[in-house]
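Below is one structure, written out as structure tokens; comments come after it.
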Amino acid sequence: MPADSCALAIAVGENYRQRRAEQHSGIRNPTLYGNQRGSLAAHSNRIDDTSLIREAQQGNRAAFEVLVRHYDQSVLRLALHLTGSETDAQDVYQEAFLKAYKNLGSFRFECSFYTWIYRIVTNLCLDHLRKRNVRKEDAPVAVDASGEEYSRIEQFADVRSGANPERDLMRRELGKKIGAALDILTPRERMVFELKHYHGLKLRTVGEMLNTTEETAKNTLFRATQKLRGVLAEMR
Amino acid sequence: MKCDWVRQNILFYVYNEIEDDARYEVEQHLARCPECATELKATRKFHAVFSETVAEPTPNLLASSRMRLQEALETAHTGGFWQRLIFEPAAWLRQVRMAPALAAAIFIVGFGGGIGATYNFLASRPAITEANIGGTTDPLTHSPSVDASSIAGIRSVTQEPGSNQVTIKYDTVLTKEEQGPLNDQNIQQLLLYAARNNYNSGVRMDSVDVLTQAPNDTRVREALLYALQNDTNPGVRLKALDGLSSFVQQDPQVRDGILRALISDTNSGVRLQALRLVEPLKADSNVRSVLTRLSQTDQNPSIRSQARTMLAQMPEMD
């Protein structure tokens with residue numbers, strides 16, 4: 001049995017790293033996510049999680065921490081994309097996993113742990129987005145060193161390569177536009193788009209996570225992309 | 001007309017959310033219709049724009065988030081799982097299996113008489129006796145009298161400073177008998193203990209057998225699951241499976257325990273029985289993944305083929 005669980009752990013590691021690599025490469029092959037869901041490695045991941053969850057439910061904190069490691073990068077990504085701020089993202093991350101830890105007892109394996117944890121995070125982010133929409137008018141505007149206003153999302157646009165300042169500027173401009181475009185979406189539209197586009201989830205799963213139907217998720221995605229395309233067109 | 005429909009679906013085509021037959025239609029149409037092909041190009045461009053310049057968490061952010069969480073977890077409690085404490089002694093007891101007398105000392109004594117007699121059960125239980133031994137000639141003149149053969153172990157020997165008074169704490173083995181109906185608390189407690197700890201597999205089997213008659217209690221179910229997972233005797237494990245069989249469908253914990261046995265039990269007879277028990281659940285995705293694994297890696301050819309058959313009967317639904 002120990003040998004088996006080692007093998008499973010390796011399979012999980014490989015699968016997870018591969019998914020992350022794909023997420024960061026910017027190469028988005030739409031079919032890739034569909035295939036991965038059906039792979040045996042993904043299924044093995046779930047068996048592995050089952051024993052971890054059991055252990056954690058019995059109070060084994062180390063098991064919970066391993067479980068967290070399986071998902072926390074995606075969770076942090078989700079939180080950062082939706083809140084646009086590192087501090088807020090960290091807060092959401094913290095709240096989500098603490099909530100998961102406290103409510104682990106009520107997890108009865110009726111869905112995957114993945115769906116369950118994502119539901120918690122999306123709900124927290126939706127709350128955050130709604131609060132932010134309300135405060136938009138009187139929200140303090142961030143001002144940088146040169147006295148220029150900038151939106152928080154721009155803060156994190158990729159400015160790693162100092163070699164090509166012109167390209168950097170263009171990317172920052174684009175990042176600003178994208179941030180502004182995403183801002184016009186309703187919280188739910190924003191959420192559906194985020195989960196579909198940046199996390200590659202099937203709309204059926206998105207529906208599950210947001211407590212709605214696949215059909216509704218489809219319509220929401222359509223509306224969201226129409227809005228985004230409209231805004232982008234205006235900006236050019 | 002067709003273009004409208006295609007335009008509606010181009011987005012889902014790009015996001016791979018389109019059904020197979022619709023995808024075929026769309027592709028066929030795109031090959032012939034330049035306007036829709038342009039629309040496809042535009043949608044793909046949109047897709048690409050939003051895939052760049054996205055802020056990703058830095059390794060620093062992840063690391064500090066993890067640390068913060070760890071600190072918070074240290075002060076948080078899971079809450080509500082302390083029913084597990086009832087069985088914590090069992091883990092300790094496993095270690096002291098060779099000293100059943102000492103081990104049983106943990107159980108709180110308080111057995112009253114049973115009501116009616118439908119089942120007999122023999123228990124070994126020690127008594128902790130303190131014997132003050134004074135003098136040097138005959139150390140065993142004080143009551144209770146000590147029969148050397150019943151001494152299970154000496155716990156402590158302390159001498160009063162500046163005197164010849166010695167206090168020795170020792171355990172004795174005391175054989176007692178408890179009678180009572182199945183639902184009697186004490187009987188249940190003894191049964192649960194016996195299922196986990198008795199060094200005699202016959203006794204373990206008997207107790208598991210009796211427990212299978214009363215599996216509505218979650219503690220009993222847990223004892224059966226424990227026996228399934230940990231008992232060294234395959235006969236006992238089979239008995240435990242029998243007891244759990246009626247709960248596979250409703251209790252996910254039972255289901256998972258049986259799945260675990262399917263993967264890791266060394267005895268093929270046990271695995272076969274477990275396989276039979278999960279049959280009604282073969283559409284469940286957890287079960288399916290185990291079956292897939294079984295069909296490929298189980299050492300027993302009969303199990304492999306049965307798993308394969310089960311998988312074939314219920315096609316993949318994802």
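Starting from 1 in every chain, residues are counted up; chains themselves are A, B, ... following the order of the structure tokens, and ligands are numbered from 1 as listed.
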
Check: Please, which residues of chain B lie no more than 6 Å from chain A when the count uses only C-alpha atoms, and can they be set out as an MDAnalysis selection string?
Finding: chainID B and resid 15:16 51 53 55 57 65 69 78 264 289

Can I get the selection written as a short mmCIF file (atom, residue, chain, number, x, y, z; two decimals), in the first residue's frame, with N, CA and C atoms?
data_model
loop_
_atom_site.label_atom_id
_atom_site.label_comp_id
_atom_site.auth_asym_id
_atom_site.auth_seq_id
_atom_site.Cartn_x
_atom_site.Cartn_y
_atom_site.Cartn_z
N TYR B 15 -14.24 27.97 -27.28
CA TYR B 15 -14.01 27.55 -25.91
C TYR B 15 -14.23 26.06 -25.71
N ASN B 16 -14.41 25.35 -26.82
CA ASN B 16 -14.60 23.91 -26.74
C ASN B 16 -15.76 23.50 -25.83
N SER B 51 -5.70 36.43 -23.06
CA SER B 51 -4.83 35.42 -22.49
C SER B 51 -3.45 35.96 -22.20
N THR B 53 -0.90 39.27 -20.77
CA THR B 53 -0.86 40.30 -19.73
C THR B 53 -1.81 40.05 -18.57
N ALA B 55 -2.04 39.20 -14.60
CA ALA B 55 -1.23 39.16 -13.38
C ALA B 55 -1.33 37.80 -12.74
N PRO B 57 0.06 35.19 -9.54
CA PRO B 57 0.65 35.31 -8.21
C PRO B 57 2.16 35.05 -8.27
N SER B 65 1.32 33.56 1.70
CA SER B 65 -0.06 33.14 1.98
C SER B 65 -0.07 31.82 2.72
N LEU B 69 -1.49 31.07 6.50
CA LEU B 69 -2.53 30.06 6.71
C LEU B 69 -2.10 29.07 7.78
N THR B 78 -10.98 22.10 14.20
CA THR B 78 -11.93 21.56 13.23
C THR B 78 -13.34 21.55 13.79
N SER B 264 -6.24 -2.29 -1.69
CA SER B 264 -5.06 -2.68 -0.93
C SER B 264 -5.15 -3.99 -0.16
N SER B 289 -13.06 4.88 -11.18
CA SER B 289 -11.61 5.00 -11.31
C SER B 289 -10.91 3.85 -10.61
#

Next item on the list: Quick one: everything within 6 Å of stretch 224-228 of chain B, counting only C-alpha atoms, minus sequence neighbours fewer than 2 positions away in the same chain. Send it as a PyMOL selection string.
Entry: chain B and resi 221-222+230-231+237+240

Show which residues sit within 8 Å of stretch 30-37 of chain B, as a short mmCIF file (atom, residue, chain, number, x, y, z; two decimals) with N, CA and C atoms, in the first residue's frame. Count only C-alpha atoms, and ignore same-chain residues fewer than 3 positions away.
data_model
loop_
_atom_site.label_atom_id
_atom_site.label_comp_id
_atom_site.auth_asym_id
_atom_site.auth_seq_id
_atom_site.Cartn_x
_atom_site.Cartn_y
_atom_site.Cartn_z
N CYS B 3 -26.00 31.20 -40.93
CA CYS B 3 -24.95 32.03 -40.37
C CYS B 3 -25.29 32.50 -38.96
N VAL B 6 -24.58 29.78 -36.60
CA VAL B 6 -23.14 29.56 -36.47
C VAL B 6 -22.52 30.66 -35.62
N ARG B 7 -22.93 31.91 -35.88
CA ARG B 7 -22.37 33.03 -35.10
C ARG B 7 -22.64 32.84 -33.61
N VAL B 26 -20.62 23.36 -37.56
CA VAL B 26 -19.92 24.64 -37.57
C VAL B 26 -18.70 24.58 -38.48
N GLU B 27 -17.94 23.51 -38.33
CA GLU B 27 -16.73 23.40 -39.15
C GLU B 27 -17.05 23.32 -40.62
N LEU B 40 -14.91 34.06 -36.86
CA LEU B 40 -14.11 33.10 -36.08
C LEU B 40 -12.76 33.71 -35.75
N LYS B 41 -12.15 34.33 -36.78
CA LYS B 41 -10.84 34.93 -36.57
C LYS B 41 -10.92 36.01 -35.47
#
